[in-house]
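To be precise, the following lines are work09.pdb, and they hold PDB, C-alpha atoms and all ligand atoms.
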```pdb
ATOM      1  CA  MET A   1     -10.653  91.665 -17.117
ATOM      2  CA  THR A   2     -10.205  94.407 -19.669
ATOM      3  CA  GLN A   3     -12.329  94.684 -22.739
ATOM      4  CA  PHE A   4      -9.356  93.501 -24.787
ATOM      5  CA  ASP A   5      -9.135  90.268 -22.752
ATOM      6  CA  LEU A   6     -12.824  89.598 -23.205
ATOM      7  CA  PHE A   7     -12.475  90.075 -26.901
ATOM      8  CA  ALA A   8      -9.435  87.763 -27.060
ATOM      9  CA  ALA A   9     -11.264  85.050 -25.115
ATOM     10  CA  ALA A  10     -14.291  85.042 -27.410
ATOM     11  CA  PRO A  11     -14.170  82.409 -30.148
ATOM     12  CA  ALA A  12     -13.957  84.064 -33.549
ATOM     13  CA  LEU A  13     -16.047  81.338 -35.152
ATOM     14  CA  PRO A  14     -18.497  79.618 -32.772
ATOM     15  CA  GLY A  15     -17.575  75.940 -32.505
ATOM     16  CA  LEU A  16     -13.987  76.394 -33.683
ATOM     17  CA  THR A  17     -11.258  76.029 -31.067
ATOM     18  CA  HIS A  18      -7.655  76.431 -32.145
ATOM     19  CA  ALA A  19      -4.444  76.121 -30.138
ATOM     20  CA  PRO A  20      -0.787  76.408 -31.166
ATOM     21  CA  GLY A  21       1.929  74.009 -30.049
ATOM     22  CA  VAL A  22      -0.315  71.096 -29.067
ATOM     23  CA  LEU A  23       2.097  68.583 -30.626
ATOM     24  CA  PRO A  24       5.582  68.870 -29.098
ATOM     25  CA  GLU A  25       7.984  70.382 -31.630
ATOM     26  CA  GLY A  26      10.489  67.613 -30.984
ATOM     27  CA  ARG A  27       8.010  64.990 -32.208
ATOM     28  CA  LEU A  28       6.862  66.601 -35.446
ATOM     29  CA  ALA A  29       9.505  65.022 -37.704
ATOM     30  CA  ALA A  30       8.864  61.550 -36.279
ATOM     31  CA  LEU A  31       5.107  61.983 -36.748
ATOM     32  CA  ALA A  32       5.552  63.000 -40.396
ATOM     33  CA  GLU A  33       7.693  59.903 -40.843
ATOM     34  CA  ALA A  34       5.085  57.711 -39.155
ATOM     35  CA  ILE A  35       2.405  59.028 -41.535
ATOM     36  CA  ASP A  36       4.672  58.378 -44.518
ATOM     37  CA  GLY A  37       5.163  54.845 -43.203
ATOM     38  CA  ALA A  38       1.394  54.208 -43.111
ATOM     39  CA  PRO A  39      -0.359  52.486 -46.033
ATOM     40  CA  LEU A  40      -1.348  55.752 -47.714
ATOM     41  CA  THR A  41      -3.477  55.615 -50.843
ATOM     42  CA  PRO A  42      -4.588  58.427 -53.163
ATOM     43  CA  PHE A  43      -7.982  59.790 -52.214
ATOM     44  CA  ARG A  44     -10.422  58.633 -54.881
ATOM     45  CA  PHE A  45     -13.900  59.835 -55.689
ATOM     46  CA  GLN A  46     -15.601  58.392 -58.754
ATOM     47  CA  GLN A  47     -13.286  59.020 -61.754
ATOM     48  CA  TRP A  48     -11.317  61.619 -59.899
ATOM     49  CA  THR A  49      -8.109  60.906 -57.997
ATOM     50  CA  GLY A  50      -7.016  63.609 -55.576
ATOM     51  CA  LEU A  51      -3.433  64.687 -55.003
ATOM     52  CA  ARG A  52      -3.619  63.888 -51.348
ATOM     53  CA  LEU A  53      -2.775  60.544 -49.815
ATOM     54  CA  THR A  54      -4.827  59.153 -46.950
ATOM     55  CA  ALA A  55      -5.067  56.251 -44.524
ATOM     56  CA  SER A  56      -8.015  55.606 -42.182
ATOM     57  CA  TYR A  57      -8.165  53.747 -38.895
ATOM     58  CA  GLY A  58     -11.064  52.611 -36.759
ATOM     59  CA  TRP A  59     -13.686  53.663 -39.269
ATOM     60  CA  HIS A  60     -13.429  54.940 -42.787
ATOM     61  CA  TYR A  61     -15.840  56.627 -45.092
ATOM     62  CA  ASP A  62     -15.919  54.886 -48.457
ATOM     63  CA  PHE A  63     -16.863  57.657 -50.882
ATOM     64  CA  GLU A  64     -17.354  55.215 -53.737
ATOM     65  CA  ALA A  65     -19.657  52.929 -51.757
ATOM     66  CA  GLY A  66     -21.201  55.953 -49.992
ATOM     67  CA  ARG A  67     -21.055  54.388 -46.549
ATOM     68  CA  VAL A  68     -18.973  53.968 -43.440
ATOM     69  CA  GLY A  69     -17.129  50.745 -42.705
ATOM     70  CA  GLN A  70     -14.721  49.458 -40.110
ATOM     71  CA  ALA A  71     -11.018  49.918 -40.776
ATOM     72  CA  GLU A  72      -7.790  48.690 -39.155
ATOM     73  CA  PRO A  73      -7.341  49.561 -35.467
ATOM     74  CA  MET A  74      -5.065  52.519 -34.691
ATOM     75  CA  PRO A  75      -1.391  51.642 -34.189
ATOM     76  CA  ASP A  76       0.226  52.496 -30.848
ATOM     77  CA  TRP A  77       1.940  55.673 -32.053
ATOM     78  CA  LEU A  78      -1.440  56.992 -33.223
ATOM     79  CA  LEU A  79      -3.142  56.075 -29.933
ATOM     80  CA  ALA A  80      -0.496  58.214 -28.181
ATOM     81  CA  VAL A  81      -1.338  61.142 -30.491
ATOM     82  CA  ARG A  82      -5.033  60.532 -29.871
ATOM     83  CA  ASP A  83      -4.474  61.038 -26.126
ATOM     84  CA  ILE A  84      -2.959  64.445 -26.896
ATOM     85  CA  ALA A  85      -5.827  65.365 -29.241
ATOM     86  CA  ALA A  86      -8.426  64.234 -26.704
ATOM     87  CA  GLY A  87      -6.790  66.276 -23.940
ATOM     88  CA  PHE A  88      -6.789  69.368 -26.134
ATOM     89  CA  ALA A  89     -10.441  68.910 -27.175
ATOM     90  CA  GLY A  90     -11.784  67.825 -23.774
ATOM     91  CA  VAL A  91     -13.245  64.665 -25.303
ATOM     92  CA  PRO A  92     -12.602  61.155 -23.886
ATOM     93  CA  ALA A  93      -9.845  59.530 -25.978
ATOM     94  CA  ASP A  94     -11.844  56.350 -26.554
ATOM     95  CA  ALA A  95     -14.699  58.373 -28.084
ATOM     96  CA  LEU A  96     -12.352  59.349 -30.928
ATOM     97  CA  VAL A  97     -12.821  56.067 -32.771
ATOM     98  CA  GLN A  98     -11.818  57.279 -36.211
ATOM     99  CA  ALA A  99      -8.439  58.578 -37.375
ATOM    100  CA  LEU A 100      -7.508  59.899 -40.793
ATOM    101  CA  LEU A 101      -3.891  60.464 -41.821
ATOM    102  CA  ILE A 102      -3.312  62.771 -44.761
ATOM    103  CA  ARG A 103      -0.205  63.700 -46.696
ATOM    104  CA  TYR A 104      -0.643  66.725 -48.965
ATOM    105  CA  ASP A 105       2.173  67.168 -51.428
ATOM    106  CA  ALA A 106       2.909  70.522 -53.060
ATOM    107  CA  GLY A 107      -0.141  71.589 -55.038
ATOM    108  CA  ALA A 108      -2.570  69.453 -53.029
ATOM    109  CA  GLY A 109      -5.379  70.785 -50.869
ATOM    110  CA  ILE A 110      -8.897  69.776 -49.884
ATOM    111  CA  GLY A 111     -11.992  71.308 -51.440
ATOM    112  CA  TRP A 112     -15.003  72.786 -49.698
ATOM    113  CA  HIS A 113     -16.895  70.197 -47.653
ATOM    114  CA  ARG A 114     -18.561  69.352 -44.395
ATOM    115  CA  ASP A 115     -17.361  66.165 -42.707
ATOM    116  CA  ARG A 116     -19.712  63.191 -43.067
ATOM    117  CA  PRO A 117     -22.739  63.427 -40.750
ATOM    118  CA  VAL A 118     -21.998  60.098 -39.003
ATOM    119  CA  PHE A 119     -19.134  61.907 -37.264
ATOM    120  CA  GLU A 120     -19.597  64.275 -34.329
ATOM    121  CA  HIS A 121     -16.395  65.830 -32.968
ATOM    122  CA  VAL A 122     -13.600  66.621 -35.414
ATOM    123  CA  VAL A 123     -10.140  67.188 -33.921
ATOM    124  CA  GLY A 124      -7.299  68.009 -36.311
ATOM    125  CA  LEU A 125      -3.524  68.259 -35.885
ATOM    126  CA  SER A 126      -1.243  69.962 -38.381
ATOM    127  CA  ILE A 127       2.343  68.993 -39.306
ATOM    128  CA  GLY A 128       4.709  70.406 -41.924
ATOM    129  CA  ALA A 129       3.877  73.329 -44.198
ATOM    130  CA  PRO A 130       1.687  76.105 -42.778
ATOM    131  CA  ALA A 131      -1.876  76.080 -44.091
ATOM    132  CA  THR A 132      -5.039  78.119 -43.974
ATOM    133  CA  LEU A 133      -8.164  76.307 -42.864
ATOM    134  CA  ARG A 134     -10.876  78.277 -44.648
ATOM    135  CA  PHE A 135     -14.535  78.341 -43.683
ATOM    136  CA  ARG A 136     -17.556  79.543 -45.603
ATOM    137  CA  ARG A 137     -21.302  79.630 -44.969
ATOM    138  CA  ARG A 138     -23.831  80.474 -47.594
ATOM    139  CA  ARG A 139     -26.043  83.497 -47.085
ATOM    140  CA  ALA A 140     -28.602  85.062 -49.405
ATOM    141  CA  ASP A 141     -26.125  87.132 -51.409
ATOM    142  CA  GLY A 142     -22.905  85.149 -51.145
ATOM    143  CA  PHE A 143     -20.840  83.648 -48.335
ATOM    144  CA  ASP A 144     -19.734  84.496 -44.839
ATOM    145  CA  ARG A 145     -16.059  83.605 -44.609
ATOM    146  CA  PHE A 146     -13.508  82.878 -41.939
ATOM    147  CA  ALA A 147      -9.856  81.785 -42.061
ATOM    148  CA  GLN A 148      -7.795  80.017 -39.415
ATOM    149  CA  ALA A 149      -4.022  79.842 -39.866
ATOM    150  CA  LEU A 150      -2.492  76.460 -38.989
ATOM    151  CA  ALA A 151       1.198  76.070 -38.175
ATOM    152  CA  ALA A 152       3.072  72.834 -37.496
ATOM    153  CA  GLY A 153       2.000  71.448 -34.119
ATOM    154  CA  ASP A 154      -1.301  73.353 -34.041
ATOM    155  CA  ALA A 155      -4.612  71.687 -33.189
ATOM    156  CA  TYR A 156      -8.205  72.586 -33.966
ATOM    157  CA  HIS A 157     -11.554  71.253 -32.818
ATOM    158  CA  LEU A 158     -14.793  71.605 -34.766
ATOM    159  CA  THR A 159     -18.144  71.347 -33.021
ATOM    160  CA  GLY A 160     -21.523  73.081 -33.242
ATOM    161  CA  GLU A 161     -21.825  75.817 -35.834
ATOM    162  CA  ALA A 162     -18.279  75.474 -37.238
ATOM    163  CA  ARG A 163     -18.798  71.732 -37.612
ATOM    164  CA  TRP A 164     -22.357  71.607 -38.950
ATOM    165  CA  ASP A 165     -23.249  74.961 -40.544
ATOM    166  CA  TRP A 166     -19.987  75.955 -42.201
ATOM    167  CA  GLU A 167     -18.025  74.231 -44.951
ATOM    168  CA  HIS A 168     -14.253  74.082 -44.639
ATOM    169  CA  GLY A 169     -11.344  73.455 -46.972
ATOM    170  CA  ILE A 170      -7.617  73.998 -47.367
ATOM    171  CA  ALA A 171      -6.107  75.748 -50.391
ATOM    172  CA  PRO A 172      -3.258  73.906 -52.123
ATOM    173  CA  MET A 173       0.040  74.408 -50.335
ATOM    174  CA  ALA A 174       3.530  74.989 -51.730
ATOM    175  CA  ALA A 175       5.240  72.283 -49.652
ATOM    176  CA  THR A 176       4.324  69.024 -47.963
ATOM    177  CA  ARG A 177       1.840  69.117 -45.106
ATOM    178  CA  TRP A 178       0.621  66.205 -43.016
ATOM    179  CA  SER A 179      -2.509  66.131 -40.903
ATOM    180  CA  ILE A 180      -4.028  63.755 -38.402
ATOM    181  CA  THR A 181      -7.760  64.046 -37.796
ATOM    182  CA  PHE A 182      -9.687  62.218 -35.090
ATOM    183  CA  ARG A 183     -13.463  61.929 -35.086
ATOM    184  CA  SER A 184     -16.161  60.570 -32.789
ATOM    185  CA  LEU A 185     -19.411  59.015 -34.034
ATOM    186  CA  THR A 186     -22.743  60.742 -33.452
ATOM    187  CA  GLU A 187     -25.010  59.154 -30.872
ATOM    188  CA  ARG A 188     -27.585  58.604 -33.591
ATOM    189  CA  PHE A 189     -25.150  56.643 -35.748
ATOM    190  CA  ARG A 190     -23.887  54.635 -32.776
ATOM    191  CA  ARG A 191     -27.464  53.626 -32.027
ATOM    192  CA  GLU A 192     -28.063  52.739 -35.656
ATOM    193  CA  ILE A 193     -25.121  50.348 -35.763
ATOM    194  CA  GLY A 194     -25.513  49.117 -32.180
ATOM    195  CA  VAL A 195     -22.200  50.437 -30.819
ATOM    196  CA  ALA A 196     -22.164  51.678 -27.212
TER     197      ALA A 196
HETATM  198  O1  LIG B   1      -5.976  68.396 -43.260
HETATM  199  C1  LIG B   1      -6.782  68.906 -42.470
HETATM  200  O2  LIG B   1      -6.425  69.494 -41.437
HETATM  201  C2  LIG B   1      -8.268  68.895 -42.782
HETATM  202  C3  LIG B   1      -8.766  67.606 -43.352
HETATM  203  C4  LIG B   1     -10.275  67.597 -43.520
HETATM  204  O3  LIG B   1     -10.945  68.596 -43.513
HETATM  205  C5  LIG B   1     -10.969  66.311 -43.648
HETATM  206  O4  LIG B   1     -10.299  65.269 -43.843
HETATM  207  O5  LIG B   1     -12.196  66.283 -43.545
HETATM  208 FE    FE B   2     -12.988  68.119 -43.100
END
```
Show me the file's structure as structure tokens.
Ligand SMILES: O=C(O)CCC(=O)C(=O)O
Ligand SMILES: [Fe+2]
Amino acid sequence: MTQFDLFAAAPALPGLTHAPGVLPEGRLAALAEAIDGAPLTPFRFQQWTGLRLTASYGWHYDFEAGRVGQAEPMPDWLLAVRDIAAGFAGVPADALVQALLIRYDAGAGIGWHRDRPVFEHVVGLSIGAPATLRFRRRRADGFDRFAQALAAGDAYHLTGEARWDWEHGIAPMAATRWSITFRSLTERFRREIGVA
């Protein structure tokens, strides 16, 4: 292996895995349609209503109540996507008990955040407009930063440092983007609620 190969194989941000073309190109339009057909509601936090529309399955995080609750089971089309996401991430499909569908219309994005600590693995799939998944981590005099480009059909997996130490967000996009995110529950949370 040449030095170039070694460099290419090293993850640029520890805990972030990205791969292009994980969703077959021929299925992207149907997946966008399936998301649009889901009972999407505007993301709400206190007085503020976001521009993005979301639907949760399996589990959902209720930002207003500040806790996690059970949501509708995933429909069959989403279970099929979950198999693809699980294969990409190397996580058993049935561990990915939570799914979040998002539709971002032009001008919508998602601000800096870390995903809720009850969730462990985060596996995301991108459809529609290209986006930049931005990462930042506070240091004494500012932030370390990283950016991952996401095209339609791309997948990413957050674990370890990228998942827990860095915040991520997506700047508002010029055209519609859809995403599907699957998450597992931490062992600690599973124990707390008595789920195997
Ligand atoms: O749309 C995406 O790919 C990211 C969504 C996200 O970060 C989240 O829902 O926590
Ligand atoms: Fe997130």
Near-ligand residues for ligand LIG 1 (chain B), threshold 7 Å, only C-alpha atoms and all ligand atoms, as number ranges by chain: A: 100, 102, 110, 115, 124-126, 168-170, 178-181
Pairwise distance for atom CA of A:Phe143 and atom CA of A:Thr159, rounded to one decimal in Å: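 Atom CA of A:Thr159 lies at a distance of 19.8 Å from atom CA of A:Phe143.
You will find atom CA of A:Ser56 at 8.6 Å from atom CA of A:Met74.
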One-decimal distance in Å that lies between atom CA of A:Ala19 and atom CA of A:Met173: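 Between atom CA of A:Met173 and atom CA of A:Ala19 the gap is 20.8 Å.
You can rank A:Phe182, A:Tyr104, A:Phe189, A:Trp77 by their closest distance to A:Ala89 using only C-alpha atoms, and at the top of that list sits A:Phe182.
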Answer key for the PyMOL selection byres (((chain A and resi 107) around 12) and not hetatm), residues as a ChimeraX atom specification: /A:50-52,103-106,108-110,129,131,170-177
Nearest to ligand FE 2 (chain B) by atom-to-atom distance, counting all atoms listed in the file, from A:Ala32, A:Val122, A:Leu40, A:Val91: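 Smallest distance to ligand FE 2 (chain B) is found for A:Val122.
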Sel. within 6 Å of pt (-4.3, 82.0, -44.2), counting only C-alpha atoms, output as a ChimeraX atom specification: /A:132,147,149
Expansion of the PyMOL selection byres (((chain A and resi 18) around 7) and not hetatm) into residues, as a PyMOL selection string: chain A and resi 16-17+19-20+155-157
Distance criterion (all atoms listed in the file): nearest to A:Glu161 out of A:His60, A:Glu25, A:Ala99, A:Phe135: A:Phe135
